[in-house]
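What's in model-v3.txt: compact mmCIF, C-alpha atoms
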# COMPACT_ATOMS: atom_id res chain seq x y z
CA MET A 8 0.00 0.00 0.00
CA THR A 9 1.48 3.33 -1.03
CA SER A 10 1.62 6.22 1.42
CA SER A 11 0.03 9.59 0.75
CA PRO A 12 2.23 12.65 0.52
CA SER A 13 2.38 14.72 3.70
CA PRO A 14 0.70 18.15 3.77
CA GLU A 15 4.01 19.88 3.00
CA LEU A 16 4.21 17.93 -0.24
CA THR A 17 0.75 18.95 -1.45
CA VAL A 18 1.12 20.55 -4.86
CA SER A 19 0.33 24.27 -5.20
CA ARG A 20 -1.08 25.86 -8.34
CA ALA A 21 2.22 27.51 -9.25
CA SER A 22 4.48 25.50 -11.51
CA LEU A 23 2.24 22.47 -11.21
CA ARG A 24 4.16 20.30 -13.62
CA ALA A 25 7.51 20.96 -11.94
CA ARG A 26 6.06 20.59 -8.45
CA CYS A 27 4.32 17.35 -9.37
CA GLY A 28 7.62 16.04 -10.70
CA GLN A 29 9.38 16.99 -7.45
CA VAL A 30 6.77 15.25 -5.31
CA ILE A 31 6.62 12.09 -7.42
CA ARG A 32 10.41 11.89 -7.64
CA ALA A 33 10.71 12.08 -3.84
CA LEU A 34 8.07 9.37 -3.43
CA ILE A 35 9.91 7.10 -5.87
CA VAL A 36 13.28 7.53 -4.16
CA SER A 37 11.88 7.09 -0.63
CA GLY A 38 9.75 4.07 -1.54
CA GLY A 39 6.38 5.79 -1.36
CA LEU A 40 5.73 4.48 -4.87
CA GLN A 41 6.96 0.93 -5.09
CA PRO A 42 8.27 -0.75 -8.27
CA GLY A 43 6.39 -3.79 -9.53
CA GLU A 44 3.02 -2.17 -8.89
CA ILE A 45 0.80 -0.44 -11.44
CA HIS A 46 -0.09 3.01 -10.15
CA SER A 47 -3.13 4.94 -11.33
CA ILE A 48 -2.48 8.44 -12.66
CA GLY A 49 -5.94 9.52 -11.53
CA SER A 50 -5.44 8.24 -7.98
CA LEU A 51 -2.06 9.96 -7.74
CA ALA A 52 -3.54 13.23 -9.02
CA GLU A 53 -6.29 12.97 -6.42
CA LYS A 54 -3.74 12.49 -3.62
CA LEU A 55 -1.81 15.52 -4.82
CA GLY A 56 -4.97 17.59 -5.10
CA VAL A 57 -4.52 18.53 -8.76
CA SER A 58 -5.95 17.60 -12.14
CA ILE A 59 -4.61 14.68 -14.14
CA THR A 60 -2.92 16.85 -16.79
CA PRO A 61 0.06 18.21 -14.78
CA VAL A 62 0.59 14.79 -13.20
CA ARG A 63 0.66 13.09 -16.59
CA GLU A 64 3.06 15.74 -17.92
CA ALA A 65 5.36 15.26 -14.91
CA LEU A 66 5.26 11.49 -15.38
CA LEU A 67 6.26 11.87 -19.03
CA ASP A 68 9.30 13.88 -17.86
CA LEU A 69 10.18 11.12 -15.37
CA ALA A 70 9.69 8.47 -18.07
CA ARG A 71 12.25 10.27 -20.27
CA ASP A 72 14.68 10.03 -17.37
CA GLU A 73 13.84 6.30 -17.15
CA LEU A 74 12.51 6.58 -13.61
CA ILE A 75 9.07 5.25 -14.51
CA GLU A 76 7.43 3.33 -17.33
CA MET A 77 4.16 4.59 -18.79
CA LEU A 78 1.60 1.83 -19.41
CA ARG A 79 -0.94 2.68 -22.09
CA ASN A 80 -4.46 2.98 -20.62
CA ARG A 81 -3.25 1.44 -17.36
CA GLY A 82 -1.14 4.02 -15.54
CA PHE A 83 2.55 3.79 -14.78
CA ARG A 84 5.11 1.60 -13.07
CA VAL A 85 8.28 2.61 -11.21
CA VAL A 86 11.40 1.15 -12.83
CA ALA A 87 12.95 -1.53 -10.62
CA LEU A 88 16.69 -1.43 -10.02
CA SER A 89 18.97 -4.30 -9.05
CA ASP A 90 21.71 -4.11 -6.42
CA GLU A 91 24.19 -4.00 -9.29
CA ASP A 92 22.37 -0.97 -10.73
CA LEU A 93 22.46 0.81 -7.37
CA ASP A 94 26.15 -0.01 -6.86
CA GLU A 95 26.96 1.47 -10.28
CA LEU A 96 25.01 4.61 -9.41
CA MET A 97 26.97 4.91 -6.17
CA ASP A 98 30.30 4.53 -7.99
CA LEU A 99 29.37 7.37 -10.33
CA ARG A 100 28.21 9.61 -7.51
CA LEU A 101 31.45 9.07 -5.60
CA MET A 102 33.44 9.93 -8.73
CA LEU A 103 31.52 13.16 -9.29
CA GLU A 104 30.40 14.51 -5.94
CA VAL A 105 33.41 13.92 -3.69
CA PRO A 106 36.02 15.78 -5.80
CA ALA A 107 33.48 18.52 -6.58
CA ILE A 108 32.89 19.13 -2.87
CA GLU A 109 36.64 19.25 -2.27
CA ARG A 110 37.09 21.89 -4.97
CA ILE A 111 34.14 23.95 -3.77
CA ALA A 112 35.54 23.98 -0.24
CA ALA A 113 39.00 24.98 -1.53
CA ALA A 114 37.63 27.84 -3.64
CA ARG A 115 38.19 31.45 -2.67
CA PRO A 116 36.29 33.57 -2.03
CA THR A 117 34.25 31.21 0.14
CA PRO A 118 30.91 30.42 -1.53
CA ASP A 119 27.79 31.88 0.10
CA LEU A 120 25.90 28.98 1.68
CA SER A 121 23.61 31.02 3.93
CA GLU A 122 20.40 30.05 2.14
CA LEU A 123 21.31 26.38 2.44
CA ARG A 124 21.50 26.62 6.24
CA ARG A 125 17.72 26.80 6.42
CA VAL A 126 17.44 23.77 4.15
CA ALA A 127 19.83 21.83 6.41
CA ASP A 128 17.65 22.71 9.42
CA GLU A 129 14.54 21.53 7.56
CA ILE A 130 16.24 18.24 6.69
CA THR A 131 17.05 17.64 10.36
CA GLN A 132 13.47 18.40 11.39
CA TYR A 133 12.04 16.07 8.74
CA ALA A 134 14.39 13.35 10.01
CA VAL A 135 13.11 13.86 13.55
CA ASP A 136 9.49 13.81 12.34
CA GLY A 137 10.05 10.69 10.22
CA ASP A 138 8.82 12.54 7.11
CA MET A 139 10.86 10.64 4.57
CA ALA A 140 9.35 12.08 1.39
CA ASN A 141 10.12 15.65 2.45
CA PHE A 142 13.49 14.55 3.83
CA VAL A 143 14.46 13.17 0.42
CA ALA A 144 13.17 16.22 -1.45
CA ARG A 145 15.07 18.72 0.70
CA ASP A 146 18.18 16.53 0.83
CA ARG A 147 18.22 16.71 -2.96
CA ASP A 148 17.78 20.49 -2.87
CA LEU A 149 20.69 20.95 -0.45
CA HIS A 150 23.19 18.72 -2.23
CA LEU A 151 22.43 20.12 -5.67
CA GLY A 152 22.47 23.61 -4.17
CA ILE A 153 26.02 23.04 -2.94
CA LEU A 154 27.10 21.68 -6.32
CA GLU A 155 25.67 24.75 -8.06
CA ARG A 156 28.46 26.71 -6.36
CA TYR A 157 30.91 24.78 -8.54
CA GLY A 158 29.53 26.56 -11.59
CA ASN A 159 29.09 23.52 -13.85
CA ARG A 160 25.48 23.19 -14.98
CA ARG A 161 25.98 19.74 -16.50
CA LEU A 162 27.46 18.42 -13.26
CA VAL A 163 24.33 19.46 -11.38
CA GLN A 164 22.08 17.89 -14.03
CA HIS A 165 23.95 14.58 -14.06
CA VAL A 166 24.16 14.30 -10.27
CA GLY A 167 20.47 15.19 -10.01
CA LEU A 168 19.56 12.32 -12.31
CA LEU A 169 21.84 9.90 -10.45
CA ARG A 170 20.17 10.88 -7.17
CA ASP A 171 16.72 10.40 -8.69
CA GLN A 172 17.63 6.89 -9.81
CA THR A 173 18.82 5.95 -6.33
CA ARG A 174 16.45 3.98 -4.09
CA LEU A 175 16.33 4.47 -0.32
CA TYR A 176 13.84 1.82 0.72
CA GLY A 177 15.42 1.40 4.15
CA LEU A 178 14.60 4.94 5.30
CA GLN A 179 11.38 3.99 7.07
CA LYS A 180 13.22 1.28 9.00
CA VAL A 181 15.88 3.64 10.32
CA ALA A 182 13.64 6.68 10.84
CA GLY A 183 14.21 8.12 14.29
CA SER A 184 17.27 6.00 15.00
CA PRO A 185 20.42 7.66 16.40
CA GLU A 186 22.34 6.64 13.26
CA PHE A 187 19.81 8.29 10.97
CA LEU A 188 19.58 11.49 13.00
CA ARG A 189 23.36 11.66 13.07
CA SER A 190 23.52 11.33 9.28
CA ALA A 191 20.93 14.11 8.94
CA ALA A 192 23.10 16.37 11.11
CA GLU A 193 26.00 15.81 8.71
CA HIS A 194 24.46 18.34 6.33
CA GLY A 195 25.19 21.20 8.69
CA GLU A 196 28.65 19.82 9.37
CA LEU A 197 29.35 19.68 5.63
CA LEU A 198 28.38 23.33 5.24
CA ASP A 199 30.67 24.24 8.17
CA LEU A 200 33.65 22.47 6.57
CA ILE A 201 33.06 24.09 3.18
CA GLU A 202 32.81 27.57 4.66
CA ALA A 203 35.97 26.95 6.73
CA GLY A 204 37.87 25.90 3.61
CA ARG A 205 38.66 22.48 5.06
CA SER A 206 38.49 20.83 1.67
CA ARG A 207 39.95 17.41 2.50
CA GLU A 208 37.69 16.96 5.51
CA ALA A 209 34.67 18.10 3.50
CA ALA A 210 35.47 15.50 0.83
CA ASP A 211 35.89 12.78 3.47
CA LEU A 212 32.56 13.66 5.07
CA MET A 213 30.86 13.68 1.67
CA ARG A 214 32.25 10.23 0.92
CA CYS A 215 31.01 8.90 4.26
CA HIS A 216 27.63 10.57 3.77
CA LEU A 217 27.17 8.98 0.36
CA HIS A 218 27.90 5.54 1.78
CA HIS A 219 24.77 5.85 3.90
CA THR A 220 22.86 5.70 0.63
CA ARG A 221 24.03 2.15 0.00
CA GLY A 222 23.98 1.16 3.65
CA LEU A 223 21.13 1.47 6.12
CA TRP A 224 19.22 3.97 3.99
CA SER A 225 18.87 1.42 1.19
CA GLY A 226 17.79 -1.36 3.53
CA ARG A 227 21.13 -3.14 3.83
CA VAL A 228 21.97 -4.47 7.25
CA GLU A 229 25.48 -3.02 7.31
CA GLU A 230 26.70 0.35 6.17
CA ALA A 231 28.41 0.20 2.79
CA GLY A 232 32.06 1.11 2.85
CA GLN A 233 32.43 0.58 6.59
Could you take the file, read its structure, and then write that structure out as structure tokens?
Amino acid sequence: MTSSPSPELTVSRASLRARCGQVIRALIVSGGLQPGEIHSIGSLAEKLGVSITPVREALLDLARDELIEMLRNRGFRVVALSDEDLDELMDLRLMLEVPAIERIAAARPTPDLSELRRVADEITQYAVDGDMANFVARDRDLHLGILERYGNRRLVQHVGLLRDQTRLYGLQKVAGSPEFLRSAAEHGELLDLIEAGRSREAADLMRCHLHHTRGLWSGRVEEAGQ
């Protein structure tokens, strides 16, 4: 049974197509929309409180990114990924994100991260509340927001797609645990290291943070890379 989006994820009238895509993407990554099931476009639109049209348009965007499969006259299905697929995604993310974070932290003048502080606080609160869909959505916003400071638009696009293809089905199991709350707090620590210019430590923390994605967050018993 799929979970309904929380009130904070309800779609507003502004930028409906983009907002629908953001909500659906977060539900896919966090496991709110499970692969192997046929989901009704109409039912999803009803849960989001919008008409079918912006939901269908958002789904077509996600289908082009190979996150879902449209089923003619039946709805859509989330693309299932194997452990090998997820391991390959992690390898690519480590190759791209870790060195990028190191360079951002080493850059001078220090990049302005003030607006991302609020996002980091929201992520921590969503972790405390056990709101996984919003946690995933804001986690994406923060990490891509940091990478935007690197000044490479294609890097942000590629990492965004890699994040969207990741699956974090273990989030509900670890919600509220000390390990999960500690990992949520790492976002603020990462911002501190970047602003302090401690590039090597920032890269190390980013590497550790990414390993959570293939450890407890993905439903594995042991943390990957530990």
inquiry  = One number please: atom CA of A:Ser47 to atom CA of A:Gly82, in Å, one decimal.
reply    = 4.7 Å
inquiry  = One decimal, in Å: what's the spacing between atom CA of A:Ala203 and atom CA of A:His216?
reply    = 18.6 Å
task = Record the distance separating atom CA of A:Leu66 and atom CA of A:Val86, expressed in Å with one decimal.
result = 12.3 Å
query = Excluding same-chain residues fewer than 3 positions from A:Ala112, what lies within 7 Å of it counting all atoms listed in the file, as JSON, numbers by chain?
reply = {"A": [108, 109, 201, 202, 204, 205, 206]}
inquiry  = Taking 3 positions as the minimum chain separation for residues in the same chain, which residues sit within 10 Å of A:Leu178 when counting all atoms listed in the file? Answer as a PyMOL selection string.
reply    = chain A and resi 36-38+134+137-140+142-143+174-175+181-183+187+220+223-226
request  = Give me the residues within 9 Å of stretch 208-210 of chain A as a PyMOL selection string, counting all atoms listed in the file and dropping any in the same chain fewer than 4 places off.
outcome  = chain A and resi 104-110+112+196-201+204+214-215
What are the nearest atom pairs, with distances in Å to one decimal, for all residues of stretch 57-142 of chain A that come at most 10 Å from stretch 152-166 of chain A, using only C-alpha atoms, set out by chain and rising residue number as CSV?
residue,atom,partner,partner_atom,distance
A:Leu96,CA,A:Val166,CA,9.8
A:Leu99,CA,A:Val166,CA,8.7
A:Arg100,CA,A:Val166,CA,6.8
A:Leu103,CA,A:Val166,CA,7.5
A:Glu104,CA,A:Val166,CA,7.6
A:Ala107,CA,A:Tyr157,CA,7.0
A:Ile108,CA,A:Leu154,CA,7.2
A:Arg110,CA,A:Tyr157,CA,7.7
A:Ile111,CA,A:Tyr157,CA,5.8
A:Ala112,CA,A:Tyr157,CA,9.5
A:Ala114,CA,A:Tyr157,CA,8.9
A:Thr117,CA,A:Arg156,CA,9.8
A:Pro118,CA,A:Arg156,CA,6.6
A:Asp119,CA,A:Arg156,CA,8.3
A:Leu120,CA,A:Ile153,CA,7.5
A:Glu122,CA,A:Gly152,CA,9.3
A:Leu123,CA,A:Gly152,CA,7.3
A:Val126,CA,A:Gly152,CA,9.7
Counting only C-alpha atoms, the option among A:Glu44, A:Glu193, A:Asp171, A:Asp72 closest to A:Leu93 = A:Asp171
query = Which one of A:Leu55, A:His194, A:Arg125, A:Ser184 sits closest to A:His150 if you count all atoms listed in the file?
reply =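 Closest to A:His150 of all the choices is A:His194.
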request  = Excluding A:Cys27 and residues on its chain fewer than 3 positions from it, collect all residues at most 10 Å away from it, counting all atoms listed in the file, and give them as a PyMOL selection string.
outcome  = chain A and resi 16-19+22-24+30-33+51-52+55+57+61-66
message = Just checking: using only C-alpha atoms, which residue out of A:Ile48, A:Leu169, A:Ala87, A:Ala192 ends up closest to A:Thr131?
response =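 Closest residue, counting only C-alpha atoms: A:Ala192.
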ask   = Quick one: of A:Arg189, A:Arg79, A:Ser50, A:Arg170, who's nearest to A:Leu101, counting all atoms listed in the file?
value =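 For A:Leu101, the nearest of the given residues is A:Arg170.
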query = Given the choices A:Pro185, A:Gly195, A:Gln172, A:Arg84, which gets closest to A:Glu129 if the distance is worked out from all atoms listed in the file?
reply =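 Of all the options, A:Gly195 lies closest to A:Glu129.
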